[in-house]
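Q: Once you've had a glance at the structure underneath, I'll fire off some questions.
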Amino acid sequence: MSDWQRLSRRMLLIHPVQEIPRALPALLGVALAGSRSGNGGLWALVGVGIAVGLGMMRWFTTTYRVTEDRVEVRQGLFRRRLLAVSRDRIRTVDVTAHAFHRLLGVTRVTIGTGRSDREGGGSVRLDGLDARVAARLRDDLLHRTPAPAPSAAPAPATPPTEIARLDSRWVRYGPFTLSGVVAVGVVAGFAANFINEANLDPRQYGVLRDAADQVRDAPLVLAIVEVLVVAMVVVAIASTVGYVLAFWGFRLTRDPRGTLHVTRGLLTTRATTIEERRLHGVEISEPLLLRAVRGARCIAIATGLRVGRGAERGGSLLLPPAPVAEARRVGAAIVRATAPLECPLASHGPRARTRRFTRALMGWAALVVVVAAASALFGWPGWPWQAALALLPFALALAADRYRSLGHAVSGDRLVARAGSLVRRRSVLAHDGIIGWNITRTLFQRRAGLTTLTATTAAGHQHYDVQDVALAEALRVAEAATPGLLTPFLETGAARRAA
Amino acid sequence: MTRHSNWHPPAVPSPALRPPAHRVSRTAIRYWAARALGGWLVIAAAQVGWWIAAGGHTGLRIAGLAATVALAAAHAIVMPQWRYRVHRWEVAPQAVYTRAGWLRQESRIAPISRIQTVDSERGPLEQIFGLANVTVTTASAAGPLEIDGLDYATALRLVDELTTAAQATRGDAT
């Protein structure tokens with residue numbers, strides 16, 4: 001496989017189609033400028049021709065090759081670029097196919113190298129390859145067999161084992177993911193903009209006019225309730241559609257050669273392969289709404305897979321919103337131990353509880369003061385600060401729940417930490433994934449005898465915190481997780497008194 | 001196979017983290033004070049500039065400036081002394097250990113075998129005071145160890161020592 005190869009020939013069709021929307025503003029400009037001389041249509045046609053030509057040029061100028069020790073991509077017409085990635089630095093391979101790609105049997109391959117500290121992650125993208133070529137390439141890159149010993153018989157290929165697959169009943173968690181909020185917001189924004197620009201009057205349409213009149217004539221409280229209900233229904237529907245689009249056909253498998261494999265997607269299919277050697281743990285994440293209906297997600301903690309940040313999140317997702325028991329089962333299957341996911345957690349004690357309440361109340365008080373001051377200064381009506389006052393029960397409930405979430409444990413060779421209320425996360429981090437420790441003590445924490453113990457790691461969020469734990473307990477946890485690392489810096493009570 | 005951590009405090013006295021062995025340079029106190037005053041100077045200049053541009057409210061403006069000066073003085077006197085008591089560092093055979101901060105204090109420990117880069121930096125102000133800082137990074141974006149306010153010779157020696165020690169261990173340190 002060491003010759004320079006081209007992308008799939010079918011990209012000659014896809015590249016121009018991708019190029020035209022990007023060139024649209026320029027095309028519009030050309031058409032407008034041309035229309036003054038009377039032949040705007042002709043100029044627009046020339047513009048489209050150039051865009052298509054440039055799109056096709058990408059196929060002619062891009063070549064790649066996979067050698068024994070690296071993957072190289074050459075691209076560009078005027079500015080030639082050579083991208084090379086050492087094969088032993090490859091951590092993940094992501095195969096994505098958008099709807100149009102799928103029609104033509106083409107996929108986009110993204111090879112990740114585990115540089116989670118910079119944008120783009122130093123990854124190499126091949127857009128696109130024939131689906132079968134892509135599958136073979138992925139297999140080849142991640143399941144690289146060491147040069148076979150001449151006498152050894154080829155090991156029998158064991159089929160991958162399935163860990164989880166989508167149960168269509170899980171779609172009921174869709175509305176609780178709120179993934180539709182952004183989509184609805186964007187669509188509403190576009191619609192409003194369009195109506196404005198096109199000088200359309202929504203009141204021309206009977207249904208909309210009736211609805212608007214109804215809302216305007218109803219009493220205020222009823223109108224607010226109506227609008228809220230409509231918004232909730234729309235968001236719920238959009239979120240459910242989003243869930244189905246993103247996770248349809250979800251399947252998580254483990255290849256005995258040491259990789260995990262996630263496939264999912266209805267229109268855009270996505271297949272992510274994670275090297276288990278780079279997987280240092282899992283995170284069970286329960287956003288408040290999802291937790292209310294006993295749902296949870298399972299996320300990988302792996303080097304090279306950044307957690308959070310929209311699209312990147314997709315790469316580390318091991319289980320879409322599903323029943324919490326299923327999330328725990330999958331997590332346990334991934335880390336090959338049940339205890340870290342199920343074991344009871346040590347609570348952080350009354351001082352940590354006091355701190356949760358102090359912080360929630362301080363936040364609430366600050367909000368009330370700011371809103372009240374603004375009301376006094378700018379002559380706002382009375383209801384904003386009354387509303388802020390009425391938030392007190394929520395602040396208290398938040399504090400109580402945040403304390404209930406706090407917990408930690410050392411289970412086998414894994415550190416378990418849990419925290420958070422709006423999004424509660426239980427992180428399970430393998431001890432050998434821990435690089436070092438940060439022990440933070442703010443002024444108020446010192447007064448309460450508490451500390452925040454942070455395990456630093458190259459995987460996932462880069463740091464996992466045990467919040468507001470007694471200092472002695474923090475040291476015990478750190479000693480248990482990384483034996484010997486702290487020992488030179490510890491002193492016993494006796495030595496301390498002698499000093 | 002698993003060990004739950006519903007630990008109860010053992011009968012033996014609980015261990016405590018001792019501070020790192022070395023303090024930073026005493027000159028750092030003056031350096032931190034100068035750095036803090038620089039920041040306050042910007043605020044005071046903005047206040048004066050606003051006064052000149054907009055005028056009026058003489059009493060309020062003088063009170064505002066006085067408050068800035070008082071806060072600046074308190075900050076420049078208290079913070080550096082406090083920091084000097086907190087800021088410490090130590091290099092053990094297996095690990096680097098630092099402590100920094102004043103209101104919010106942070107101790108950081110990283111094994112020598114996981115060190116990725118060691119570098120030293122001197123800003124203009126640090127050069128005036130003959131100081132330098134040393135930053136030790138690991139593969140985690142969350143854990144750089146920074147030692148602020150070392151005298152220049154110590155910083156150079158430390159960079160050299162840590163680089164040599166880190167080179168002695170192999171692996172990609174992730």
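Residue names in the structure tokens use chain letters A, B, ... in the order shown, residue numbers from 1 in each chain, and ligand numbers from 1 in the order shown.
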Return as a PyMOL selection string the residues belonging to chain A that are within 8 Å of chain B, counting only C-alpha atoms.
A: chain A and resi 117+303+339+343-346+408-412+433+435-443+456-459+462-463+471-472+475+485-486+488-494
Q: In Å to one decimal, how far is atom CA of A:Gln5 from atom CA of A:Tyr64?
A: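 Between atom CA of A:Tyr64 and atom CA of A:Gln5 the gap is 5.3 Å.
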Q: Using only C-alpha atoms, determine which residues lie at most 10 Å from A:Ile301, disregarding the query and same-chain residues fewer than 2 positions distant; provide the list as number ranges by chain.
A: A: 278-283, 298-299, 303-307, 316-318, 427-430, 433, 457-462
Q: When you count only C-alpha atoms, which of these residues is closest to B:Gln81: B:Gly38, B:Leu150, B:Arg26, B:Leu162?
A: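 Residue with the minimum atom-to-atom distance to B:Gln81: B:Arg26.
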Q: Would you mind writing down, as a ChimeraX atom specification, each residue of stretch 70-163 of chain B that DSSP on the backbone assigns to alpha helix (DSSP H)?
A: /B:70-86,124-128,152-163
Q: Emit the selected residues as a short mmCIF file (atom, residue, chain, number, x, y, z; two decimals), in the first residue's frame, including C-alpha atoms.
A:
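Dumped to part-v6.cif:
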data_model
loop_
_atom_site.label_atom_id
_atom_site.label_comp_id
_atom_site.auth_asym_id
_atom_site.auth_seq_id
_atom_site.Cartn_x
_atom_site.Cartn_y
_atom_site.Cartn_z
CA ALA B 70 -5.96 52.70 49.45
CA LEU B 71 -6.78 49.35 47.80
CA ALA B 72 -3.55 49.47 45.79
CA ALA B 73 -1.49 50.12 48.92
CA ALA B 74 -3.20 47.32 50.85
CA HIS B 75 -2.78 44.90 47.95
CA ALA B 76 0.87 45.80 47.35
CA ILE B 77 1.74 45.42 51.04
CA VAL B 78 -0.27 42.32 52.00
CA MET B 79 -0.23 40.19 48.86
CA PRO B 80 3.56 39.91 48.29
CA GLN B 81 4.29 39.04 51.95
CA TRP B 82 1.53 36.47 51.92
CA ARG B 83 2.69 34.98 48.62
CA TYR B 84 6.28 34.77 49.88
CA ARG B 85 5.12 32.59 52.75
CA VAL B 86 3.16 30.30 50.43
CA PRO B 124 10.91 42.86 31.32
CA LEU B 125 9.88 43.36 34.94
CA GLU B 126 11.45 40.07 35.97
CA GLN B 127 14.69 41.08 34.26
CA ILE B 128 14.79 44.33 36.23
CA TYR B 152 17.89 33.75 37.58
CA ALA B 153 20.80 31.44 38.47
CA THR B 154 18.53 29.07 40.42
CA ALA B 155 16.05 29.00 37.53
CA LEU B 156 18.76 28.04 35.04
CA ARG B 157 20.11 25.35 37.34
CA LEU B 158 16.58 24.00 37.91
CA VAL B 159 15.75 23.84 34.18
CA ASP B 160 18.98 21.97 33.59
CA GLU B 161 18.41 19.56 36.47
CA LEU B 162 14.80 18.80 35.48
CA THR B 163 15.57 18.38 31.80
#
Q: Kindly give the distance, in Å, that separates atom CA of A:Thr110 and atom CA of A:Arg22, rounded to a single decimal.
A: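 About the pair atom CA of A:Thr110 and atom CA of A:Arg22: they are 21.4 Å apart.
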Q: Select, from B:Val91, B:Ile147, B:Leu65, B:Leu131, the residue with the minimum atom-to-atom distance to B:Leu41, counting only C-alpha atoms.
A: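 Of B:Val91, B:Ile147, B:Leu65, B:Leu131, the one nearest B:Leu41, counting only C-alpha atoms, is B:Leu65.
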Q: Name all residues at most 8 Å from stretch 352-358 of chain A (count only C-alpha atoms; drop same-chain ones fewer than 2 positions away) and give them as a PyMOL selection string.
A: chain A and resi 348-350+360-362+396+399-400+402-403+450+468-469
Q: Can I get the selection written as a JSON list (two decimals), in the first residue's frame, with N, CA and C atoms?
A:
[["chain", "number", "residue", "atom", "x", "y", "z"],
["A", 348, "HIS", "N", -18.92, 13.56, 51.65],
["A", 348, "HIS", "CA", -17.89, 14.55, 51.97],
["A", 348, "HIS", "C", -18.14, 15.29, 53.27],
["A", 349, "GLY", "N", -19.21, 14.91, 53.99],
["A", 349, "GLY", "CA", -19.40, 15.40, 55.34],
["A", 349, "GLY", "C", -20.09, 16.74, 55.46],
["A", 350, "PRO", "N", -20.46, 17.09, 56.70],
["A", 350, "PRO", "CA", -21.29, 18.28, 56.95],
["A", 350, "PRO", "C", -20.63, 19.59, 56.50],
["A", 360, "ALA", "N", -24.58, 28.56, 47.32],
["A", 360, "ALA", "CA", -25.86, 28.77, 46.63],
["A", 360, "ALA", "C", -26.52, 30.04, 47.14],
["A", 361, "LEU", "N", -26.50, 30.23, 48.48],
["A", 361, "LEU", "CA", -27.16, 31.41, 49.05],
["A", 361, "LEU", "C", -26.44, 32.69, 48.67],
["A", 362, "MET", "N", -25.09, 32.66, 48.64],
["A", 362, "MET", "CA", -24.34, 33.84, 48.24],
["A", 362, "MET", "C", -24.69, 34.21, 46.80],
["A", 396, "LEU", "N", -31.89, 26.65, 47.25],
["A", 396, "LEU", "CA", -31.72, 25.68, 48.33],
["A", 396, "LEU", "C", -31.77, 24.25, 47.80],
["A", 399, "ALA", "N", -28.52, 23.45, 46.13],
["A", 399, "ALA", "CA", -27.45, 23.19, 47.09],
["A", 399, "ALA", "C", -27.60, 21.79, 47.67],
["A", 400, "ALA", "N", -28.83, 21.42, 48.06],
["A", 400, "ALA", "CA", -29.05, 20.10, 48.66],
["A", 400, "ALA", "C", -28.68, 19.01, 47.67],
["A", 402, "ARG", "N", -26.68, 19.28, 45.05],
["A", 402, "ARG", "CA", -25.25, 19.28, 44.79],
["A", 402, "ARG", "C", -24.50, 18.53, 45.89],
["A", 403, "TYR", "N", -24.96, 18.68, 47.13],
["A", 403, "TYR", "CA", -24.30, 17.94, 48.19],
["A", 403, "TYR", "C", -24.55, 16.44, 48.04],
["A", 450, "LEU", "N", -11.20, 21.98, 54.24],
["A", 450, "LEU", "CA", -11.48, 21.17, 53.04],
["A", 450, "LEU", "C", -10.48, 21.48, 51.95],
["A", 468, "ASP", "N", -14.14, 19.46, 47.54],
["A", 468, "ASP", "CA", -14.44, 19.71, 48.94],
["A", 468, "ASP", "C", -14.36, 18.48, 49.82],
["A", 469, "VAL", "N", -13.19, 17.90, 49.85],
["A", 469, "VAL", "CA", -12.99, 16.71, 50.68],
["A", 469, "VAL", "C", -12.01, 17.10, 51.79]]
